[in-house]
Amino acid sequence: MNSMIIGKYVPGNSLIHRLDPRTKLLLMFIYVFIVFLANNEWTYGVLTSFTCVLLFLSRIPPSFMIKGLKPVLWVIVFTFLLHVLLTKEGDVVFQWLGIEVYDKAIQQGAFISLRFLLLIVVTTLVTLTTTPIEVTDGMESLLSPLKKWGIPVHELALMMSISLRFIPTLMEETEKIMKAQMARGVDFSSGPLSERMKAMTALLVPLFISAFKRAEELAVAMEVRGYRGGNGRTKWRELTWRRIDTAFMLLLGLLAVLLWLLRS
Amino acid sequence: MEVALRVEHISFQYANEKTYALQNVSFQVYKGEWVTIVGHNGSGKSTLAKLLIGLLPPKSGTIHVCGIPLNEETVWDVREKLGIVFQNPDNQFVGTTVQDDVAFGLENRGVQKNEMVKRINEALKKVGMENFVNDEPHRLSGGQKQRVAIASAIALEPNIIILDEATSMLDPSGKKEVLQVIQSLRRERDMTVISITHDLNEVAKADRVIVMNKGKIALEGTPKHIFAHGSKLEEMGLDLPFSLQLSQRLKENHIPITIDHLTIEGLVSELWTLYSAMSNIATK
Amino acid sequence: MDIVFRDVEHRYQINTPFEKRALYDIHMDIPNGSYVAVVGHTGSGKSTLLQHLNGLLQPTKGTIHLGNYTITAGKKEKHLKLLRKKVGIVFQFPEHQLFEETVEKDICFGPINFGMNAEEAKARVGEWLALVGLPEEVRHKSPFALSGGQMRRVAIAGVLAMDPEVLVLDEPTAGLDPRGRKEMMDMFAKLQRQKHMTIVLVTHSMEEAARYADDIIVMHQGTIVRRGAPEHIFRHVDDLISLGLDVPEPVLFQRAIEQKFGVQFHAPCLTMEDVIKNLQTLFTRVKSI
C-alpha cells in the first residue's frame, strides 16, 4: 500500500503547484475527453509530449512517478496482452503455439495501454501537486452553480474537508484498538473465518463508538464557534484565478483543436 | 463591578434520570475575574457548562451573559460573547491546518479576509503558535492543539472564555503550557475566565472557586477560603494542596503552625520562624 | 516471570525515508514480582518500550527474554499468543476497547481467546468483578451504560481475567478525578500483593511513581537515563528538573526546608509521613538543646 502515490501531496512551489486548483481539476476533467481524440501516431505523439511537459513543469522526479505507477503497471500490461491476443486485424506478424499475432493488434494494444497510462499520469500529477484542501475548495467553487438545484455544495465540501482532517486521527485510533485487542488474544491476520469476523467486531465496534463520539463533540465545537451552514460565511481560502490559469486553459483548448486536426 | 455572567436559580434534570443534575444553582462572575468550578465526576459541573453555552435549556431559572438573557432566540448572540475550549483536543479541531482552524469561527461570523489575516496572526501569536500556521493537527502535541483551540476562541474576541476540563487529557507539560497561556491572556486582555477542572494548580490560581457537589453549590470563595474546609473537600472527591495538607497534619503532630498554607514557601518560612524562636529560647 | 532486555533498539518504518529511532541502548532487568514505574515525558519512548513487553512490537536490534520466551531482532516470532496471555497490558483509556453487549461477555473475551472454556470463564466473572471493585449487578448490563470510571474497571477486569503474571499499565489514571485516581492505584497495589504479580507502570505522575513503585526507570529521548529505587532517584532533584520532569511535592518541600534550615535529611522524603517524621526530629532536637 505504501507504494501507492495517487492521492498523496508532494509539497513544492512549481508552476503546476501554483496553478489554481480549479484549473487543475478542469485539466483533469477535459483531459479525460481529449485522450479519446487520439487515434494515430501523430495524435498520441502530441498528447504524450504535452503530458511530459506537464510532468517536467511540476518538478516531480520522473523516478518517483514511475515508482508510484508500479501497482497499476500490471493492469496496463494485461490490457495490452488482451488486445494483442483478441484483435484479429491487419497482417500476421508472427505465430507462436498456434496463436496468431496481428500488426494492428499490437498497435491497438499499444495505443490503448498508452491512453490508460497517460490518464493515470495526469490524474496522479494533479493530486501530487494539489493539497486535499485545495481540491475541496476547487470542487466547491466549480460545483457552486449546482446550488440552484438545491444541491448542498458547501456542506458536501465541508464534509469532505473534515473527513480529510480526521483520516490520520482515525488511522491512529484503529492501530490503538487493534493493539489493545491483540493484547487480549485477538489474531487479526490468521485463523478461520468465524474468528476473523469476531476479530473485526472487536475492532469495528469500538472504532464506530469513538467515531460517533468524536462527531458529536465536533458538532458541538462547530456550533459554539458560530457555524450555522453556508449562508453569510466568508472564506479564508479564496481561490484566485490568475492570467497563467487562463493561459493554461487556452493551451488546453489549443491541444484539443490540434488533436482534432491530426486525428485520422 | 460589572457582571459578566449571572446564573439565577437554575435546575436541570436529564430525561431518563430520577435525580436533578443541577438544583437551584445561582452565582455570578464579574468582568475580568477567573473563577474555577470544581467537583468530582457527576457533581453537575459538566451539565452546568452545557447550560451556559445553550446546548441544554434549564428546566427553571435564568442565565444572563453580558446582560443578555439566554434563550432560544438569543443563543447565537450569547455564543458570540463566549469562547469555549473543550476537553478533547482532537475533537474540536475543525480545520485541516492550524490557520484553517482559527479561521473557521471567523468565516462563520462573516469576517472579511483582511480582518481575518490580522486576527489569525494576533491570536496565534498570543498562544505562541505563530510558527505552526500550516501544521496539520496530527503533527501537534495535545498541549499545542489546546493552544490552537484557545487561539480559535480568542480570535472571535469573546468576553468570557470557558475552559471545560481543557487540561484534563494533557500531560504535565501540556497542562503547564495551557495555564501559562491563560495567565498571560488575563494579564494582557483582562479576560474573564471560567474554568471547570479538577486540577489543583488551576484551582489555586483562580480568584474564586465554586465547589459543586450533587448538583448544588457546596462552597464558594477564594482558594484559601475553600481549601480551609479541609477534609470536607476530600469527601467531595477533591485533593488539597500539599502544603495545606501538611500544615494540618503538622498541627495534629504538635508543631504549632498558625495558618493553613497554600504554598510551600509560606509553610517553610513559618516553620523557620518557629524553629528560630525555639532555638533562641533553648539557647537562652 | 523475569524480564530481561539486552541492547534493545526499535526503529519505526525501518528502511524508509520516514525511519525513526524510537528506542536504543535499552538494558534492563525486571525481576519477578517487582513493581517498576517507567517515567519520562511524552515522546521519551515509554509506550514503544512497553509494547515490547508482550511482542506487540519486536526489537530491530538486541534481545528480550520474557520468562521462557526469547525475542531476538530479525527473527519473526510467531508464537506470541501464550506470551500475550502472561503479559497483560492495560492501555491508556482502556474503556475505549470495550465492544461486547454485556460486561460479562467483554470480561470473558480475553480468557476465551486464550483457550479457557466459556462456562469456566463465566463462572469466574464474579471473582474478576470483585478484584476491580465492581458490584455483581453490573454483570448483565451493557458496558456502555456504565459511568466512565466503571467502564475503565470493566476493561481492567478483562485484562486481569487472563491471569497475567505481568501487568503493564499505561497511564491507568489518566482523566480520572483525584478520588478515582487514588482508588485505582490502591487497587493495583493490592493486586500486586495478593497475586504476586509483576507490575510495570508507565506514568507521568512522579507522585504515583514515588508512592507505589519499588524501582523507577527514567526514560529520555528513547533511552534509559536513570534507574533505581525512589529514594535514590529523588536524591538528585536538579537532575530530574534538567530532564524536564516533575518532582514530587514532598521532595520539593524537603529541598526548601534543607535550604532554609541549612540541614540535610539523610533520605529523600517520598511521602507526607516522611516529611512529618523528619520535621519532628528536627524540632525535638532544638527543644532538647
# chains A, B, ... in the order shown; residues from 1 in each chain; ligands from 1

$ interface_residues --of "chain C" --to "chain B" --cutoff "6 Å" --atoms "only C-alpha atoms" --output "PyMOL selection string"
chain C and resi 175+178-179+286+289

$ interface_residues --of "chain B" --to "chain A" --cutoff "8 Å" --atoms "only C-alpha atoms" --output "count of residues only"
30

$ interface_residues --of "chain C" --to "chain A" --cutoff "6 Å" --atoms "only C-alpha atoms" --output "PyMOL selection string"
chain C and resi 84+97+99+110+113

$ write_last_selection --atoms "all heavy atoms" --output "PDB file, in the first residue's frame"
ATOM      1  N   ARG C  84       1.312 -13.302  25.239  1.00  0.00           N
ATOM      2  CA  ARG C  84       0.335 -12.239  25.479  1.00  0.00           C
ATOM      3  C   ARG C  84      -0.624 -12.590  26.610  1.00  0.00           C
ATOM      4  O   ARG C  84      -1.201 -11.712  27.236  1.00  0.00           O
ATOM      5  CB  ARG C  84      -0.436 -11.934  24.189  1.00  0.00           C
ATOM      6  CG  ARG C  84       0.514 -11.322  23.186  1.00  0.00           C
ATOM      7  CD  ARG C  84      -0.157 -10.631  22.063  1.00  0.00           C
ATOM      8  NE  ARG C  84       0.908 -10.105  21.213  1.00  0.00           N
ATOM      9  CZ  ARG C  84       0.894 -10.098  19.891  1.00  0.00           C
ATOM     10  NH1 ARG C  84      -0.163 -10.575  19.255  1.00  0.00           N
ATOM     11  NH2 ARG C  84       1.896  -9.620  19.217  1.00  0.00           N
ATOM     12  N   GLN C  97     -11.685   0.130  24.435  1.00  0.00           N
ATOM     13  CA  GLN C  97     -11.610  -1.139  23.720  1.00  0.00           C
ATOM     14  C   GLN C  97     -12.811  -2.035  23.996  1.00  0.00           C
ATOM     15  O   GLN C  97     -12.895  -3.146  23.483  1.00  0.00           O
ATOM     16  CB  GLN C  97     -10.308  -1.858  24.076  1.00  0.00           C
ATOM     17  CG  GLN C  97     -10.337  -2.482  25.458  1.00  0.00           C
ATOM     18  CD  GLN C  97      -8.950  -2.686  26.020  1.00  0.00           C
ATOM     19  OE1 GLN C  97      -8.049  -1.886  25.804  1.00  0.00           O
ATOM     20  NE2 GLN C  97      -8.759  -3.788  26.723  1.00  0.00           N
ATOM     21  N   PHE C  99     -16.399  -3.693  23.690  1.00  0.00           N
ATOM     22  CA  PHE C  99     -17.241  -3.810  22.493  1.00  0.00           C
ATOM     23  C   PHE C  99     -18.411  -4.775  22.640  1.00  0.00           C
ATOM     24  O   PHE C  99     -19.312  -4.774  21.806  1.00  0.00           O
ATOM     25  CB  PHE C  99     -16.398  -4.230  21.290  1.00  0.00           C
ATOM     26  CG  PHE C  99     -15.946  -5.669  21.323  1.00  0.00           C
ATOM     27  CD1 PHE C  99     -16.609  -6.616  20.564  1.00  0.00           C
ATOM     28  CD2 PHE C  99     -14.897  -6.052  22.112  1.00  0.00           C
ATOM     29  CE1 PHE C  99     -16.204  -7.942  20.603  1.00  0.00           C
ATOM     30  CE2 PHE C  99     -14.490  -7.371  22.152  1.00  0.00           C
ATOM     31  CZ  PHE C  99     -15.136  -8.320  21.396  1.00  0.00           C
ATOM     32  N   GLY C 110     -11.127 -12.047  26.593  1.00  0.00           N
ATOM     33  CA  GLY C 110      -9.708 -12.383  26.658  1.00  0.00           C
ATOM     34  C   GLY C 110      -9.463 -13.846  27.027  1.00  0.00           C
ATOM     35  O   GLY C 110      -8.862 -14.591  26.257  1.00  0.00           O
ATOM     36  N   ASN C 113     -10.365 -16.245  24.315  1.00  0.00           N
ATOM     37  CA  ASN C 113      -9.368 -16.204  23.235  1.00  0.00           C
ATOM     38  C   ASN C 113      -8.141 -17.032  23.567  1.00  0.00           C
ATOM     39  O   ASN C 113      -7.501 -17.595  22.699  1.00  0.00           O
ATOM     40  CB  ASN C 113      -8.898 -14.769  22.989  1.00  0.00           C
ATOM     41  CG  ASN C 113      -9.860 -14.002  22.124  1.00  0.00           C
ATOM     42  OD1 ASN C 113     -10.556 -14.595  21.295  1.00  0.00           O
ATOM     43  ND2 ASN C 113      -9.916 -12.700  22.316  1.00  0.00           N
TER      44      ASN C 113
END

$ closest_residue --among "A:Glu100, A:Ala110, A:Ile66, A:Ile60" --to "A:His83" --atoms "only C-alpha atoms"
A:Ala110

$ atom_distance --atom1 "atom CA of C:Val202" --atom2 "atom CA of A:Phe188"
26.3 Å

$ atom_distance --atom1 "atom CA of B:Arg187" --atom2 "atom CA of B:Thr222"
19.1 Å

$ residues_around --residues "C:Phe265" --least-positions-apart "6" --cutoff "8 Å" --atoms "only C-alpha atoms" --output "PDB file with C-alpha atoms, in the first residue's frame"
ATOM      1  CA  GLN C 254      12.216  18.787  51.748  1.00  0.00           C
ATOM      2  CA  GLU C 258      17.015  21.895  53.742  1.00  0.00           C
ATOM      3  CA  ASN C 278      11.853  14.401  59.708  1.00  0.00           C
TER       4      ASN C 278
END

$ select_by_dssp --residues "stretch 98-206 of chain C" --states "strand (DSSP E or B)" --output "CSV table (one decimal) with N, CA, C and O atoms, in the first residue's frame"
chain,number,residue,atom,x,y,z
C,166,VAL,N,2.4,-10.8,34.5
C,166,VAL,CA,2.9,-9.4,34.5
C,166,VAL,C,1.8,-8.5,34.0
C,166,VAL,O,1.1,-8.8,33.1
C,167,LEU,N,1.6,-7.4,34.8
C,167,LEU,CA,0.6,-6.4,34.4
C,167,LEU,C,1.2,-5.1,34.0
C,167,LEU,O,2.0,-4.5,34.8
C,168,VAL,N,1.0,-4.7,32.8
C,168,VAL,CA,1.6,-3.5,32.3
C,168,VAL,C,0.5,-2.4,32.2
C,168,VAL,O,-0.5,-2.6,31.6
C,169,LEU,N,0.8,-1.3,32.9
C,169,LEU,CA,-0.3,-0.3,33.0
C,169,LEU,C,0.2,1.0,32.3
C,169,LEU,O,1.2,1.6,32.7
C,170,ASP,N,-0.5,1.5,31.3
C,170,ASP,CA,-0.1,2.7,30.6
C,170,ASP,C,-1.0,3.8,31.1
C,170,ASP,O,-2.1,3.9,30.6
C,198,THR,N,4.0,-9.1,38.7
C,198,THR,CA,5.0,-8.1,38.4
C,198,THR,C,4.1,-6.9,37.8
C,198,THR,O,3.3,-7.1,37.0
C,199,ILE,N,4.4,-5.7,38.3
C,199,ILE,CA,3.7,-4.5,37.7
C,199,ILE,C,4.7,-3.6,37.0
C,199,ILE,O,5.7,-3.2,37.6
C,200,VAL,N,4.4,-3.2,35.8
C,200,VAL,CA,5.2,-2.2,35.1
C,200,VAL,C,4.2,-1.0,34.9
C,200,VAL,O,3.2,-1.2,34.1
C,201,LEU,N,4.4,0.1,35.6
C,201,LEU,CA,3.5,1.2,35.5
C,201,LEU,C,4.2,2.3,34.7
C,201,LEU,O,5.3,2.8,35.0
C,202,VAL,N,3.5,2.7,33.6
C,202,VAL,CA,4.0,3.9,32.8
C,202,VAL,C,3.2,5.1,33.2
C,202,VAL,O,2.0,5.0,33.2
C,203,THR,N,3.9,6.1,33.7
C,203,THR,CA,3.1,7.2,34.2
C,203,THR,C,3.8,8.6,34.0
C,203,THR,O,5.0,8.6,33.9

$ residues_around --residues "stretch 26-40 of chain C" --least-positions-apart "4" --cutoff "9 Å" --atoms "only C-alpha atoms" --output "PyMOL selection string"
chain C and resi 1-9+44-46+49+62+165-166+189+192-193+196-206+208-210+212-224+243-245

$ atom_distance --atom1 "atom CA of C:Asp177" --atom2 "atom CA of C:Ala161"
25.6 Å

$ residues_around --residues "C:Glu127" --least-positions-apart "6" --cutoff "10 Å" --atoms "only C-alpha atoms" --output "CSV table (one decimal) with N, CA, C and O atoms, in the first residue's frame"
chain,number,residue,atom,x,y,z
C,133,GLY,N,-13.3,-4.2,42.2
C,133,GLY,CA,-14.3,-3.4,43.0
C,133,GLY,C,-15.5,-3.0,42.3
C,133,GLY,O,-16.1,-1.9,42.5
C,134,LEU,N,-16.1,-3.9,41.4
C,134,LEU,CA,-17.4,-3.6,40.8
C,134,LEU,C,-18.4,-4.5,41.4
C,134,LEU,O,-18.2,-5.7,41.7
C,136,GLU,N,-21.7,-7.0,41.7
C,136,GLU,CA,-22.2,-8.1,40.9
C,136,GLU,C,-23.3,-7.7,39.9
C,136,GLU,O,-23.3,-8.2,38.8
C,157,ALA,N,-10.7,-5.4,34.3
C,157,ALA,CA,-11.1,-6.8,34.7
C,157,ALA,C,-10.9,-7.7,33.5
C,157,ALA,O,-10.4,-8.8,33.7
C,161,ALA,N,-8.5,-10.9,33.8
C,161,ALA,CA,-9.2,-12.2,33.6
C,161,ALA,C,-8.3,-13.2,32.9
C,161,ALA,O,-8.5,-14.4,32.9

$ select_by_dssp --residues "stretch 34-257 of chain A" --states "helix (DSSP H, G or I)" --output "ChimeraX atom specification"
/A:34-37,41-58,62-86,103-129,132-149,153-183,193-224,243-257

$ residues_around --residues "stretch 12-29 of chain B" --least-positions-apart "3" --cutoff "7 Å" --atoms "only C-alpha atoms" --output "list in words"
Val3, Ala4, Leu5, Arg6, Val7, Glu8, His9, Glu33, Gly44, Pro58, Lys59, Gly215, Lys216 and Ile217 of chain B

$ write_last_selection --atoms "all heavy atoms" --output "mmCIF file, in the first residue's frame"
data_model
loop_
_atom_site.group_PDB
_atom_site.id
_atom_site.type_symbol
_atom_site.label_atom_id
_atom_site.label_comp_id
_atom_site.auth_asym_id
_atom_site.auth_seq_id
_atom_site.Cartn_x
_atom_site.Cartn_y
_atom_site.Cartn_z
ATOM 1 N N VAL B 3 -21.001 42.770 35.977
ATOM 2 C CA VAL B 3 -21.259 41.337 35.997
ATOM 3 C C VAL B 3 -21.158 40.772 34.581
ATOM 4 O O VAL B 3 -21.795 41.278 33.658
ATOM 5 C CB VAL B 3 -22.662 41.037 36.573
ATOM 6 C CG1 VAL B 3 -22.978 39.563 36.478
ATOM 7 C CG2 VAL B 3 -22.738 41.513 38.014
ATOM 8 N N ALA B 4 -20.342 39.755 34.394
ATOM 9 C CA ALA B 4 -20.196 39.159 33.068
ATOM 10 C C ALA B 4 -21.185 38.016 32.880
ATOM 11 O O ALA B 4 -21.734 37.823 31.807
ATOM 12 C CB ALA B 4 -18.772 38.657 32.868
ATOM 13 N N LEU B 5 -21.386 37.276 33.944
ATOM 14 C CA LEU B 5 -22.282 36.125 33.869
ATOM 15 C C LEU B 5 -23.133 36.078 35.132
ATOM 16 O O LEU B 5 -22.614 36.199 36.238
ATOM 17 C CB LEU B 5 -21.458 34.840 33.753
ATOM 18 C CG LEU B 5 -22.238 33.518 33.836
ATOM 19 C CD1 LEU B 5 -22.996 33.264 32.546
ATOM 20 C CD2 LEU B 5 -21.295 32.365 34.113
ATOM 21 N N ARG B 6 -24.438 35.944 34.934
ATOM 22 C CA ARG B 6 -25.317 35.847 36.081
ATOM 23 C C ARG B 6 -26.194 34.609 35.929
ATOM 24 O O ARG B 6 -26.935 34.476 34.946
ATOM 25 C CB ARG B 6 -26.198 37.100 36.174
ATOM 26 C CG ARG B 6 -27.017 37.190 37.469
ATOM 27 C CD ARG B 6 -28.111 38.246 37.371
ATOM 28 N NE ARG B 6 -27.581 39.584 37.083
ATOM 29 C CZ ARG B 6 -27.125 40.410 38.025
ATOM 30 N NH1 ARG B 6 -27.147 40.050 39.290
ATOM 31 N NH2 ARG B 6 -26.678 41.589 37.684
ATOM 32 N N VAL B 7 -26.049 33.712 36.877
ATOM 33 C CA VAL B 7 -26.829 32.468 36.856
ATOM 34 C C VAL B 7 -27.780 32.516 38.041
ATOM 35 O O VAL B 7 -27.343 32.729 39.174
ATOM 36 C CB VAL B 7 -25.890 31.240 36.980
ATOM 37 C CG1 VAL B 7 -26.690 29.958 37.144
ATOM 38 C CG2 VAL B 7 -24.973 31.141 35.765
ATOM 39 N N GLU B 8 -29.095 32.393 37.755
ATOM 40 C CA GLU B 8 -30.054 32.506 38.851
ATOM 41 C C GLU B 8 -30.987 31.311 38.939
ATOM 42 O O GLU B 8 -31.735 31.042 38.001
ATOM 43 C CB GLU B 8 -30.875 33.795 38.685
ATOM 44 C CG GLU B 8 -30.084 35.039 39.071
ATOM 45 C CD GLU B 8 -30.801 36.313 38.638
ATOM 46 O OE1 GLU B 8 -31.223 36.395 37.471
ATOM 47 O OE2 GLU B 8 -30.939 37.209 39.483
ATOM 48 N N HIS B 9 -30.870 30.619 40.041
ATOM 49 C CA HIS B 9 -31.781 29.517 40.386
ATOM 50 C C HIS B 9 -31.990 28.503 39.272
ATOM 51 O O HIS B 9 -33.114 28.103 39.002
ATOM 52 C CB HIS B 9 -33.155 30.063 40.820
ATOM 53 C CG HIS B 9 -33.055 31.144 41.847
ATOM 54 N ND1 HIS B 9 -32.612 30.888 43.120
ATOM 55 C CD2 HIS B 9 -33.301 32.477 41.767
ATOM 56 C CE1 HIS B 9 -32.603 32.018 43.797
ATOM 57 N NE2 HIS B 9 -33.007 32.997 43.010
ATOM 58 N N GLU B 33 -12.708 38.473 36.046
ATOM 59 C CA GLU B 33 -12.457 37.530 37.121
ATOM 60 C C GLU B 33 -12.098 36.154 36.569
ATOM 61 O O GLU B 33 -12.499 35.799 35.459
ATOM 62 C CB GLU B 33 -13.749 37.404 37.945
ATOM 63 C CG GLU B 33 -13.507 36.978 39.380
ATOM 64 C CD GLU B 33 -14.835 36.809 40.139
ATOM 65 O OE1 GLU B 33 -15.913 36.871 39.528
ATOM 66 O OE2 GLU B 33 -14.757 36.594 41.346
ATOM 67 N N GLY B 44 -22.201 17.571 38.531
ATOM 68 C CA GLY B 44 -23.062 18.509 37.808
ATOM 69 C C GLY B 44 -22.293 19.599 37.099
ATOM 70 O O GLY B 44 -22.874 20.436 36.427
ATOM 71 N N PRO B 58 -32.200 25.175 30.644
ATOM 72 C CA PRO B 58 -32.501 24.860 32.042
ATOM 73 C C PRO B 58 -33.992 24.567 32.216
ATOM 74 O O PRO B 58 -34.813 25.083 31.465
ATOM 75 C CB PRO B 58 -32.085 26.123 32.793
ATOM 76 C CG PRO B 58 -32.047 27.203 31.782
ATOM 77 C CD PRO B 58 -31.760 26.547 30.466
ATOM 78 N N LYS B 59 -34.294 23.717 33.193
ATOM 79 C CA LYS B 59 -35.693 23.402 33.443
ATOM 80 C C LYS B 59 -36.374 24.604 34.100
ATOM 81 O O LYS B 59 -37.525 24.915 33.827
ATOM 82 C CB LYS B 59 -35.770 22.184 34.367
ATOM 83 C CG LYS B 59 -37.074 21.442 34.229
ATOM 84 C CD LYS B 59 -37.012 20.132 34.989
ATOM 85 C CE LYS B 59 -38.412 19.576 35.094
ATOM 86 N NZ LYS B 59 -38.469 18.428 35.990
ATOM 87 N N GLY B 215 -25.021 18.259 42.357
ATOM 88 C CA GLY B 215 -25.908 19.178 41.654
ATOM 89 C C GLY B 215 -26.138 20.521 42.330
ATOM 90 O O GLY B 215 -26.933 21.319 41.870
ATOM 91 N N LYS B 216 -25.455 20.725 43.463
ATOM 92 C CA LYS B 216 -25.632 22.004 44.158
ATOM 93 C C LYS B 216 -24.286 22.664 44.389
ATOM 94 O O LYS B 216 -23.256 22.005 44.361
ATOM 95 C CB LYS B 216 -26.290 21.776 45.528
ATOM 96 C CG LYS B 216 -27.714 21.324 45.449
ATOM 97 C CD LYS B 216 -28.259 21.171 46.858
ATOM 98 C CE LYS B 216 -29.669 20.607 46.785
ATOM 99 N NZ LYS B 216 -30.112 20.099 48.078
ATOM 100 N N ILE B 217 -24.339 23.976 44.651
ATOM 101 C CA ILE B 217 -23.104 24.634 45.039
ATOM 102 C C ILE B 217 -22.857 24.342 46.509
ATOM 103 O O ILE B 217 -23.664 24.670 47.367
ATOM 104 C CB ILE B 217 -23.184 26.151 44.803
ATOM 105 C CG1 ILE B 217 -23.244 26.408 43.287
ATOM 106 C CG2 ILE B 217 -21.989 26.868 45.412
ATOM 107 C CD1 ILE B 217 -23.274 27.868 42.899
#

$ residues_around --residues "stretch 209-214 of chain B" --least-positions-apart "5" --cutoff "7 Å" --atoms "only C-alpha atoms" --output "PyMOL selection string"
chain B and resi 35-39+43-45+203+219-223+236
